[in-house]
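Q: Right, I'll just put the structure down here and ask away after.
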Amino acid sequence: MKNSVDYFLMVLFLSGTVSGYSQTKQPVDYVDNRTGVLDEYSNCVIGPQLPFGSINPSPQTKNGNDDGYNPNEPIRGFGQLHVSGTGWGTNGQIFLSPQIGLAVGEIEHDSPKSNESAHPYEYKVTLNRYKIGVQFTPSLHSAIYKFNFPKSDSANILFDITHNIPMDIKPIIGGTVSEGIITINTNDHKDISGSGIYDGGFGGGAYKIYFYARVNKMPMQTSTWLNGNISVGSTSRQFLKNNDRVGAILNFSTRENEEIYLKIAISYKSIDHAKKWLEEEIPEWNYNKVRDAAKSIWNEELKKITVEGGTEKDKTIFYTAMYHTQLMPRNRTNDYQCFDKDVPVWDDHFAIWDTWRTVYPLHLLINPEMVSGTVNSFIARFKKNGYVKDAFINGNDMPSEQGGNNVDNIIADAYLKNIKGVDWEEAYKILKYDADYQRLGSSDTFKEKGWIPAGIGSCSVTMEYCYNDYCTALVAKGLGRQEDYKKYLQRSKQWVNLWNKDAESDGFKGFIMPRKLNGDFVAIDLKKNPSSWRDYFYEGSSWTYSWFAPHDFEKLVELNGGSGNFVKKLDYGFKNDLIDYSNEPAFLAVQGFHYAGRPDLSSYWVRKLLKESFTEKGLPGNDDSGAMSAWYIFSAMGFFPNAGQNIYYLTGPLFTGITIHLGNDRILNISAPKASETYIYMHGVSINGKKLATTIIDYDEIKNGGTILFDMSDKPLLPKSDLNAPLKN
């Protein structure tokens, strides 16, 4: 992955010498930034961003969602930092509002919009209230804006350093600003800089944002403001108390259709560092050059997986999903004071509970440097803080975790697949620490009893701890730590302590249930999803979590009474929407059919979910930093990872041809000439000409590239056993 300032500058240079693209539609042309924005749930950001870039400029509106935006509301202005696909927002700084006339209040300058277009490399809109055209394009830490003003002596660009999403756009989240300053350069008044200390949103903990901005035209007049009081001619203003409203105004006299350009960079380190990013990344005022470079970068990234066949709609959803998997986490190496030069810092893990399952396995194939960078970032954080938590946002570890210690799963997945550039002995220290000191429950009961007694998240955390132990055991074995391997492998089997064979729902027996310290099970509604940080299960019901044993599917089949009963129960769960596929705990459930001799049902349900749950408007739930999009990508390619292990499940692709450019410069081709909307079942699979006798393959079979050939049919290939007779779908 060429995600660096040097690479951006190289592409920026080349974009000045090569004009346009061929007439053939490119992967970037399929991406629709409105996907995940137009629907009710996905919370994706409509504004553009470079792959894993630090800055993500985007419009914000009245009644915005966690991404700050509601497509049906007037635009309030434009922030530079956003998080994509999340269920609880943060950020939204540093806020800009171009205006005719002047309104400094939070809600007084909203404008209806028209002519909106959104791409990975550029956003455009017309603010109808002011007849101002706005467009902007990003680099890695900076962005350039082009404002097209009407003729006016009262053309203004407002800066608001107080504004943020948790405080102003979605106040139910709650946000505060404890300190801030904004300064206009007194020489030519073209440069403006400042900082603020913010708190609020998912992750918690205060963080400081610095910015440096520059305009290409000297203002006619400058002002600052504090709590609505404007000081004409002032060049500096700072907070006097928490949550003061502080900002600055650049006033211009403009001709009809005059273009004024503004460049802005964001840093978590200092104002000087923001200025450095700005001068390195966007040294000129050539807007088109920056935009074309961003477009070229995205096209190269998206070309790492190319697809043939399928519909135009399928390709739009696929390449938009590819885009969404490369927004978070953000590479903020060399942008934090507390980490030394060139020490990897990957920020905005929102959260690993989501991304370990699909996002990281995807990038392990096509962007291994991103994975090694993340693991090395974990190592750096562990050395600095003594722990590595599930969520790391704006440079802060969030103390509570949504489930288990799932950084362990990313480390294990990378280790087993031999990702280069990691000191695995150092990485193992994180696994060992988590296994020995983090998997506690109340009074260390997870290790003493084998389960966490009934309480908040007790069932889901127990299940995830067991899988964390399994992943740790695999790494311990590889590093020759036999005692650790045996201990953690044995602990990984403890999830069965929460299996109540007598628990019954809709005529099916055997479910995960909360258990008291004395061993008694707690009677619960097995279909109830208690939501976040509530009793027993995190964002899922027992019907969902009773299929979560990624390392022990064979045991699940046994506990459910054998293959026949297992298949009937799992199929019933999908038919009756009891397994919530709009959230990550259910991601692997559909692959359970492979362990009961019915891969045809995995194929059936994967294709049904692809067709009915993913649209050009959005996804079935929060995209969660690309986790849901990555599920779509794997499923559309016809193979799916069991993250933290070396295996993939084959289900058959949506497209007739797929080319994956692996990170080791090898190419993996997937061919399914008969794949279509009805030809969804596998009747045979071969890898490099060798016919497979199974639908579960190892990473080693594809790591060096080659060809997977699927023979697809419109009828399932059923086993001969009467126990696995066809089910009506």
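Chains: A, B, ... in order of the structure tokens. Residues: from 1 per chain. Ligands: from 1, in order shown.
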Enumerate, as a ChimeraX atom specification, the complete set of residues in segment 410-652 of chain A that a backbone-based DSSP assignment places in strand (DSSP E or B).
A: /A:456,499-505,508-512,515,521,535,639-641,647-650
Q: With N, CA and C atoms retained, could you export that selection as a PDB file, in the first residue's frame?
A:
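Result saved to selection-v2.pdb:
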ATOM      1  N   ILE A 456     -23.810  -7.637  32.536  1.00  0.00           N
ATOM      2  CA  ILE A 456     -23.679  -6.887  31.289  1.00  0.00           C
ATOM      3  C   ILE A 456     -22.685  -7.576  30.356  1.00  0.00           C
ATOM      4  N   TRP A 499     -23.652 -23.302  27.432  1.00  0.00           N
ATOM      5  CA  TRP A 499     -24.622 -23.997  26.590  1.00  0.00           C
ATOM      6  C   TRP A 499     -25.640 -24.719  27.466  1.00  0.00           C
ATOM      7  N   ASN A 500     -26.877 -24.318  27.336  1.00  0.00           N
ATOM      8  CA  ASN A 500     -27.953 -24.969  28.087  1.00  0.00           C
ATOM      9  C   ASN A 500     -28.716 -25.868  27.119  1.00  0.00           C
ATOM     10  N   LYS A 501     -28.508 -27.167  27.242  1.00  0.00           N
ATOM     11  CA  LYS A 501     -29.118 -28.118  26.306  1.00  0.00           C
ATOM     12  C   LYS A 501     -30.635 -28.148  26.413  1.00  0.00           C
ATOM     13  N   ASP A 502     -31.170 -27.655  27.541  1.00  0.00           N
ATOM     14  CA  ASP A 502     -32.620 -27.692  27.739  1.00  0.00           C
ATOM     15  C   ASP A 502     -33.311 -26.386  27.352  1.00  0.00           C
ATOM     16  N   ALA A 503     -32.532 -25.350  27.067  1.00  0.00           N
ATOM     17  CA  ALA A 503     -33.147 -24.076  26.656  1.00  0.00           C
ATOM     18  C   ALA A 503     -33.881 -24.275  25.337  1.00  0.00           C
ATOM     19  N   GLU A 504     -35.086 -23.751  25.231  1.00  0.00           N
ATOM     20  CA  GLU A 504     -35.914 -24.033  24.060  1.00  0.00           C
ATOM     21  C   GLU A 504     -36.508 -22.754  23.470  1.00  0.00           C
ATOM     22  N   SER A 505     -36.536 -22.710  22.142  1.00  0.00           N
ATOM     23  CA  SER A 505     -37.158 -21.597  21.428  1.00  0.00           C
ATOM     24  C   SER A 505     -37.723 -22.114  20.113  1.00  0.00           C
ATOM     25  N   PHE A 508     -36.908 -25.634  19.086  1.00  0.00           N
ATOM     26  CA  PHE A 508     -35.503 -26.047  18.992  1.00  0.00           C
ATOM     27  C   PHE A 508     -34.847 -25.943  20.365  1.00  0.00           C
ATOM     28  N   LYS A 509     -34.012 -26.918  20.679  1.00  0.00           N
ATOM     29  CA  LYS A 509     -33.353 -26.947  21.979  1.00  0.00           C
ATOM     30  C   LYS A 509     -31.855 -26.696  21.834  1.00  0.00           C
ATOM     31  N   GLY A 510     -31.285 -26.121  22.923  1.00  0.00           N
ATOM     32  CA  GLY A 510     -29.854 -25.895  22.993  1.00  0.00           C
ATOM     33  C   GLY A 510     -29.474 -24.485  22.587  1.00  0.00           C
ATOM     34  N   PHE A 511     -29.142 -23.649  23.595  1.00  0.00           N
ATOM     35  CA  PHE A 511     -28.767 -22.262  23.320  1.00  0.00           C
ATOM     36  C   PHE A 511     -27.768 -21.780  24.372  1.00  0.00           C
ATOM     37  N   ILE A 512     -27.034 -20.735  23.994  1.00  0.00           N
ATOM     38  CA  ILE A 512     -26.181 -20.032  24.945  1.00  0.00           C
ATOM     39  C   ILE A 512     -27.079 -19.215  25.872  1.00  0.00           C
ATOM     40  N   ARG A 515     -25.364 -17.455  32.996  1.00  0.00           N
ATOM     41  CA  ARG A 515     -25.245 -18.401  34.100  1.00  0.00           C
ATOM     42  C   ARG A 515     -24.755 -17.673  35.347  1.00  0.00           C
ATOM     43  N   PHE A 521     -28.562 -21.450  35.455  1.00  0.00           N
ATOM     44  CA  PHE A 521     -28.841 -20.640  34.278  1.00  0.00           C
ATOM     45  C   PHE A 521     -29.936 -19.626  34.597  1.00  0.00           C
ATOM     46  N   ASP A 535     -27.538  -6.275  29.615  1.00  0.00           N
ATOM     47  CA  ASP A 535     -27.404  -7.622  30.159  1.00  0.00           C
ATOM     48  C   ASP A 535     -27.155  -8.686  29.096  1.00  0.00           C
ATOM     49  N   PHE A 639     -15.717 -16.451  -1.638  1.00  0.00           N
ATOM     50  CA  PHE A 639     -15.000 -17.121  -0.538  1.00  0.00           C
ATOM     51  C   PHE A 639     -14.960 -16.178   0.654  1.00  0.00           C
ATOM     52  N   PHE A 640     -14.951 -16.757   1.860  1.00  0.00           N
ATOM     53  CA  PHE A 640     -15.127 -15.947   3.061  1.00  0.00           C
ATOM     54  C   PHE A 640     -14.167 -16.421   4.149  1.00  0.00           C
ATOM     55  N   PRO A 641     -13.503 -15.476   4.854  1.00  0.00           N
ATOM     56  CA  PRO A 641     -12.494 -15.863   5.850  1.00  0.00           C
ATOM     57  C   PRO A 641     -13.094 -16.214   7.205  1.00  0.00           C
ATOM     58  N   ILE A 647      -8.341 -20.445   7.289  1.00  0.00           N
ATOM     59  CA  ILE A 647      -9.316 -21.087   6.406  1.00  0.00           C
ATOM     60  C   ILE A 647     -10.291 -20.099   5.779  1.00  0.00           C
ATOM     61  N   TYR A 648     -10.812 -20.509   4.614  1.00  0.00           N
ATOM     62  CA  TYR A 648     -11.850 -19.773   3.900  1.00  0.00           C
ATOM     63  C   TYR A 648     -12.945 -20.750   3.502  1.00  0.00           C
ATOM     64  N   TYR A 649     -14.175 -20.248   3.471  1.00  0.00           N
ATOM     65  CA  TYR A 649     -15.324 -21.042   3.052  1.00  0.00           C
ATOM     66  C   TYR A 649     -15.709 -20.646   1.629  1.00  0.00           C
ATOM     67  N   LEU A 650     -15.931 -21.624   0.778  1.00  0.00           N
ATOM     68  CA  LEU A 650     -16.312 -21.372  -0.601  1.00  0.00           C
ATOM     69  C   LEU A 650     -17.830 -21.396  -0.737  1.00  0.00           C
TER      70      LEU A 650
END
Q: At a cut-off of 8 Å, using only C-alpha atoms, what residues contact Tyr30 of chain A? Leave out same-chain residues fewer than 3 positions from it and give the result as a ChimeraX atom specification.
A: /A:25-27,315-316,319-320
Q: Keeping only C-alpha atoms, take the residues you just selected and write them out as a CSV table (one decimal), in the first residue's frame.
A:
chain,number,residue,atom,x,y,z
A,25,LYS,CA,-15.3,3.0,-17.4
A,26,GLN,CA,-12.8,2.8,-14.5
A,27,PRO,CA,-13.4,1.2,-11.1
A,315,LYS,CA,-20.4,-3.3,-9.8
A,316,THR,CA,-21.6,0.0,-8.3
A,319,TYR,CA,-16.6,-0.9,-5.9
A,320,THR,CA,-18.4,1.4,-3.5
Q: Please identify all polymer residues within 9 Å of Gly203 of chain A, counting only C-alpha atoms, omitting same-chain residues fewer than 3 positions from it, and present them as a CSV table (one decimal) with N, CA and C atoms, in the first residue's frame.
A:
chain,number,residue,atom,x,y,z
A,90,THR,N,-18.5,11.2,16.3
A,90,THR,CA,-17.5,12.1,17.0
A,90,THR,C,-17.0,13.0,15.9
A,200,GLY,N,-16.0,14.1,23.7
A,200,GLY,CA,-17.4,13.7,23.4
A,200,GLY,C,-17.4,12.7,22.2
A,350,PHE,N,-12.7,2.0,15.0
A,350,PHE,CA,-14.0,2.4,15.5
A,350,PHE,C,-15.1,1.2,15.3
A,391,ALA,N,-11.1,-0.1,20.9
A,391,ALA,CA,-11.4,1.2,20.2
A,391,ALA,C,-10.2,2.2,20.6
A,392,PHE,N,-9.7,2.8,19.5
A,392,PHE,CA,-8.6,3.8,19.7
A,392,PHE,C,-9.0,4.9,18.7
A,393,ILE,N,-9.5,6.0,19.3
A,393,ILE,CA,-10.1,7.1,18.5
A,393,ILE,C,-9.5,8.4,18.9
A,394,ASN,N,-9.1,9.2,17.9
A,394,ASN,CA,-8.4,10.5,18.2
A,394,ASN,C,-7.3,10.3,19.2
A,396,ASN,N,-6.9,8.1,21.6
A,396,ASN,CA,-7.3,7.7,22.9
A,396,ASN,C,-7.8,6.2,22.9
A,397,ASP,N,-7.3,5.4,23.8
A,397,ASP,CA,-7.8,4.1,24.0
A,397,ASP,C,-9.1,4.2,24.8
A,398,MET,N,-10.2,3.5,24.4
A,398,MET,CA,-11.4,3.5,25.1
A,398,MET,C,-11.3,2.4,26.2
A,399,PRO,N,-11.5,2.7,27.5
A,399,PRO,CA,-11.3,1.7,28.5
A,399,PRO,C,-12.2,0.5,28.4
A,400,SER,N,-13.5,0.7,28.1
A,400,SER,CA,-14.3,-0.5,28.0
A,400,SER,C,-14.3,-1.0,26.6
Q: At what distance in Å, to one decimal, does atom CA of Asp623 of chain A lie from atom CA of Ser97 of chain A?
A: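 Atom-to-atom, atom CA of Ser97 of chain A and atom CA of Asp623 of chain A are spaced 28.4 Å apart.
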Q: In Å to one decimal, how far is atom CA of Lys295 of chain A from atom CA of Glu279 of chain A?
A: 20.4 Å
Q: Which residues come within 8 Å of Tyr198 of chain A, counting only C-alpha atoms, excluding same-chain residues fewer than 6 positions away, as a list in words?
A: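 Residues meeting the cut-off are Gly175, Thr176, Val177, Ser178, Glu179, Ala206, Tyr207, Lys208 and Ile209 of chain A.
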Q: I'd like the contact shell of segment 211-224 of chain A - 6 Å cut-off, only C-alpha atoms, skipping same-chain residues fewer than 4 positions apart - returned as a compact mmCIF listing (two decimals) with N, CA and C atoms, in the first residue's frame.
A:
# COMPACT_ATOMS: atom_id res chain seq x y z
N LYS A 190 -3.87 36.23 4.85
CA LYS A 190 -4.26 35.07 4.03
C LYS A 190 -4.16 33.76 4.80
N ASP A 191 -3.39 33.72 5.86
CA ASP A 191 -3.19 32.49 6.64
C ASP A 191 -3.96 32.57 7.94
N ILE A 192 -4.54 31.45 8.31
CA ILE A 192 -5.33 31.39 9.55
C ILE A 192 -5.06 30.05 10.21
N SER A 193 -4.90 30.06 11.51
CA SER A 193 -4.53 28.82 12.22
C SER A 193 -5.21 28.80 13.58
N GLY A 194 -5.15 27.64 14.22
CA GLY A 194 -5.75 27.54 15.53
C GLY A 194 -5.78 26.12 16.05
N ILE A 230 -19.03 40.07 17.36
CA ILE A 230 -18.02 40.18 16.31
C ILE A 230 -17.10 41.37 16.60
N SER A 231 -15.79 41.12 16.49
CA SER A 231 -14.79 42.17 16.66
C SER A 231 -14.14 42.44 15.31
N VAL A 232 -14.61 43.49 14.62
CA VAL A 232 -14.10 43.83 13.30
C VAL A 232 -12.65 44.26 13.40
N GLY A 233 -11.81 43.71 12.51
CA GLY A 233 -10.39 44.04 12.50
C GLY A 233 -9.56 43.19 13.43
N SER A 234 -10.19 42.43 14.30
CA SER A 234 -9.46 41.57 15.22
C SER A 234 -8.82 40.41 14.46
N GLY A 247 -14.64 31.94 16.73
CA GLY A 247 -14.33 31.77 15.32
C GLY A 247 -13.73 33.02 14.72
N ALA A 248 -13.59 32.98 13.40
CA ALA A 248 -13.03 34.10 12.66
C ALA A 248 -13.74 34.23 11.32
N ILE A 249 -13.62 35.41 10.70
CA ILE A 249 -14.30 35.68 9.43
C ILE A 249 -13.31 36.36 8.49
N LEU A 250 -13.27 35.86 7.26
CA LEU A 250 -12.54 36.52 6.19
C LEU A 250 -13.58 37.10 5.24
N ASN A 251 -13.52 38.42 5.03
CA ASN A 251 -14.51 39.11 4.19
C ASN A 251 -13.87 39.54 2.87
N PHE A 252 -14.60 39.34 1.77
CA PHE A 252 -14.09 39.64 0.44
C PHE A 252 -15.11 40.45 -0.35
N TYR A 261 -10.01 30.27 -3.50
CA TYR A 261 -9.52 28.96 -3.08
C TYR A 261 -9.06 29.02 -1.62
N LEU A 262 -9.31 27.93 -0.93
CA LEU A 262 -8.86 27.80 0.46
C LEU A 262 -8.24 26.43 0.64
N LYS A 263 -7.04 26.39 1.21
CA LYS A 263 -6.39 25.13 1.57
C LYS A 263 -6.36 25.01 3.09
N ILE A 264 -6.60 23.82 3.58
CA ILE A 264 -6.61 23.61 5.03
C ILE A 264 -6.01 22.25 5.35
N ALA A 265 -5.21 22.20 6.39
CA ALA A 265 -4.62 20.95 6.86
C ALA A 265 -4.92 20.77 8.34
N ILE A 266 -5.04 19.52 8.72
CA ILE A 266 -5.36 19.15 10.11
C ILE A 266 -4.19 18.35 10.68
N ILE A 271 0.32 23.17 15.31
CA ILE A 271 -0.01 24.06 14.19
C ILE A 271 1.10 24.02 13.15
N ALA A 274 0.65 21.04 11.03
CA ALA A 274 -0.43 21.22 10.07
C ALA A 274 0.06 22.05 8.88
N LYS A 275 0.82 23.10 9.17
CA LYS A 275 1.39 23.93 8.10
C LYS A 275 2.32 23.10 7.22
Q: How many Å lie between atom CA of Lys62 of chain A and atom CA of Ile107 of chain A, rounded to one decimal?
A: 7.8 Å
Q: Counting only C-alpha atoms, what is within 9 Å of segment 418-433 of chain A, bar same-chain residues fewer than 2 positions away, as an mmCIF file with C-alpha atoms, in the first residue's frame?
A:
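Writing done, so here's part28.cif:
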data_model
loop_
_atom_site.group_PDB
_atom_site.id
_atom_site.type_symbol
_atom_site.label_atom_id
_atom_site.label_comp_id
_atom_site.auth_asym_id
_atom_site.auth_seq_id
_atom_site.Cartn_x
_atom_site.Cartn_y
_atom_site.Cartn_z
ATOM 1 C CA LEU A 364 -4.246 -8.915 4.464
ATOM 2 C CA PRO A 368 -0.556 -6.298 3.762
ATOM 3 C CA GLU A 369 1.408 -3.159 4.701
ATOM 4 C CA VAL A 371 -2.054 -4.925 8.403
ATOM 5 C CA SER A 372 1.600 -4.947 9.454
ATOM 6 C CA GLY A 373 1.341 -1.210 10.140
ATOM 7 C CA VAL A 375 0.121 -4.633 14.321
ATOM 8 C CA ASN A 376 3.218 -2.468 14.730
ATOM 9 C CA PHE A 378 -0.458 -2.085 18.516
ATOM 10 C CA ILE A 379 3.104 -2.837 19.642
ATOM 11 C CA PHE A 382 1.461 -1.414 24.205
ATOM 12 C CA GLY A 386 0.802 -1.073 28.743
ATOM 13 C CA TYR A 387 -2.395 -2.183 26.981
ATOM 14 C CA VAL A 388 -4.152 -2.101 23.602
ATOM 15 C CA ASN A 405 -9.775 -8.600 23.414
ATOM 16 C CA VAL A 407 -6.857 -7.060 18.783
ATOM 17 C CA ASP A 408 -5.611 -10.590 19.486
ATOM 18 C CA ILE A 411 -2.464 -10.276 15.418
ATOM 19 C CA ALA A 412 -3.107 -14.024 15.102
ATOM 20 C CA ASP A 413 -4.528 -13.683 11.594
ATOM 21 C CA ALA A 414 -1.466 -11.726 10.471
ATOM 22 C CA TYR A 415 0.922 -14.156 12.150
ATOM 23 C CA LEU A 416 -0.649 -17.283 10.686
ATOM 24 C CA ALA A 435 -4.779 -13.687 28.055
ATOM 25 C CA ASP A 436 -3.332 -13.461 31.560
ATOM 26 C CA TYR A 437 -4.545 -10.072 32.770
ATOM 27 C CA GLN A 438 -7.447 -8.839 30.656
ATOM 28 C CA ASN A 468 -9.318 -14.854 21.750
ATOM 29 C CA ASP A 469 -7.727 -17.693 23.707
ATOM 30 C CA CYS A 471 -6.169 -17.334 18.486
ATOM 31 C CA THR A 472 -3.515 -16.782 21.153
ATOM 32 C CA VAL A 475 0.409 -18.056 17.874
ATOM 33 C CA ALA A 476 1.901 -19.616 21.009
ATOM 34 C CA LEU A 479 6.414 -19.535 18.512
ATOM 35 C CA ASP A 484 0.902 -21.450 26.748
#
Q: Please tabulate, as a tab-separated table, the residues of segment 535-614 of chain A that come within 8 Å of segment 651-662 of chain A, each with its closest pair of atoms and the distance in Å to one decimal, counting only C-alpha atoms and ordering rows by chain, then residue number upward.
A:
residue	atom	partner	partner_atom	distance
A:Pro599	CA	A:Thr651	CA	7.0
A:Asp600	CA	A:Thr651	CA	7.6
A:Ser602	CA	A:Thr651	CA	6.4
A:Ser603	CA	A:Thr651	CA	4.7
A:Val606	CA	A:Thr651	CA	7.6
A:Arg607	CA	A:Leu654	CA	7.7
Q: Using only C-alpha atoms, please write the residues we just selected to a file, as a compact mmCIF listing (two decimals), in the first residue's frame.
A:
# COMPACT_ATOMS: atom_id res chain seq x y z
CA PRO A 599 -22.62 -25.90 1.63
CA ASP A 600 -25.50 -25.38 -0.79
CA SER A 602 -24.43 -21.37 2.69
CA SER A 603 -24.49 -20.47 -1.00
CA VAL A 606 -25.17 -15.71 1.11
CA ARG A 607 -26.67 -14.90 -2.29
Q: Just list as a PyMOL selection string whatever in segment 102-338 of chain A DSSP marks as alpha helix (DSSP H).
A: chain A and resi 271-281+287-302+312-324
Q: Just the selected residues (C-alpha atoms), exported as a PDB file, in the first residue's frame, please.
A:
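The resulting file, out-v6.pdb, is shown below:
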ATOM      1  CA  ILE A 271      -0.007  24.058  14.192  1.00  0.00           C
ATOM      2  CA  ASP A 272       3.467  23.958  12.682  1.00  0.00           C
ATOM      3  CA  HIS A 273       2.890  20.353  11.683  1.00  0.00           C
ATOM      4  CA  ALA A 274      -0.429  21.218  10.067  1.00  0.00           C
ATOM      5  CA  LYS A 275       1.390  23.927   8.101  1.00  0.00           C
ATOM      6  CA  LYS A 276       4.029  21.369   7.107  1.00  0.00           C
ATOM      7  CA  TRP A 277       1.366  18.953   5.812  1.00  0.00           C
ATOM      8  CA  LEU A 278      -0.260  21.766   3.850  1.00  0.00           C
ATOM      9  CA  GLU A 279       2.924  22.926   2.187  1.00  0.00           C
ATOM     10  CA  GLU A 280       4.081  19.389   1.350  1.00  0.00           C
ATOM     11  CA  GLU A 281       0.794  18.024   0.079  1.00  0.00           C
ATOM     12  CA  TYR A 287      -7.248  22.484  -7.708  1.00  0.00           C
ATOM     13  CA  ASN A 288      -7.625  20.190 -10.713  1.00  0.00           C
ATOM     14  CA  LYS A 289      -4.183  18.731 -10.181  1.00  0.00           C
ATOM     15  CA  VAL A 290      -5.015  17.721  -6.605  1.00  0.00           C
ATOM     16  CA  ARG A 291      -8.386  16.313  -7.665  1.00  0.00           C
ATOM     17  CA  ASP A 292      -6.905  14.319 -10.544  1.00  0.00           C
ATOM     18  CA  ALA A 293      -4.218  12.935  -8.261  1.00  0.00           C
ATOM     19  CA  ALA A 294      -6.861  11.817  -5.761  1.00  0.00           C
ATOM     20  CA  LYS A 295      -8.855  10.190  -8.551  1.00  0.00           C
ATOM     21  CA  SER A 296      -5.772   8.384  -9.844  1.00  0.00           C
ATOM     22  CA  ILE A 297      -4.834   7.124  -6.371  1.00  0.00           C
ATOM     23  CA  TRP A 298      -8.319   5.738  -5.818  1.00  0.00           C
ATOM     24  CA  ASN A 299      -8.406   4.106  -9.211  1.00  0.00           C
ATOM     25  CA  GLU A 300      -5.142   2.296  -8.539  1.00  0.00           C
ATOM     26  CA  GLU A 301      -6.368   1.108  -5.133  1.00  0.00           C
ATOM     27  CA  LEU A 302      -9.707  -0.079  -6.474  1.00  0.00           C
ATOM     28  CA  GLU A 312     -23.892  -2.387 -13.490  1.00  0.00           C
ATOM     29  CA  LYS A 313     -25.693  -2.192 -10.167  1.00  0.00           C
ATOM     30  CA  ASP A 314     -23.591  -5.078  -8.815  1.00  0.00           C
ATOM     31  CA  LYS A 315     -20.417  -3.287  -9.847  1.00  0.00           C
ATOM     32  CA  THR A 316     -21.557  -0.035  -8.268  1.00  0.00           C
ATOM     33  CA  ILE A 317     -22.248  -1.759  -4.961  1.00  0.00           C
ATOM     34  CA  PHE A 318     -18.996  -3.745  -5.159  1.00  0.00           C
ATOM     35  CA  TYR A 319     -16.631  -0.850  -5.901  1.00  0.00           C
ATOM     36  CA  THR A 320     -18.418   1.433  -3.453  1.00  0.00           C
ATOM     37  CA  ALA A 321     -17.904  -1.268  -0.830  1.00  0.00           C
ATOM     38  CA  MET A 322     -14.212  -1.391  -1.799  1.00  0.00           C
ATOM     39  CA  TYR A 323     -14.041   2.369  -1.230  1.00  0.00           C
ATOM     40  CA  HIS A 324     -15.694   2.109   2.167  1.00  0.00           C
TER      41      HIS A 324
END
Q: Tell me which of A:Lys575, A:Glu464, A:Phe339, A:Glu483 sits closest to Phe537 of chain A, counting only C-alpha atoms.
A: A:Glu464
Q: For a quick check of understanding, using only C-alpha atoms, which of A:Asp160, A:Asp340, A:Glu116, A:Asp67 has the smallest distance to Ala103 of chain A?
A: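 Looking at the shortest contact to Ala103 of chain A, the residue is A:Asp160.
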Q: For Lys131 of chain A, list every protein, DNA or RNA residue within 10 Å, evaluated using only C-alpha atoms, and leave out those in the same chain fewer than 3 positions away; present the list as a list of chain:residue names.
A: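 Listed by chain and then number, they are A:Gln99, A:Ile100, A:Ser111, A:Lys113, A:Ser114, A:Thr126, A:Leu127, A:Asn128, A:Val134, A:Asn148, A:Phe149, A:Pro150, A:Lys151, A:Asn257.
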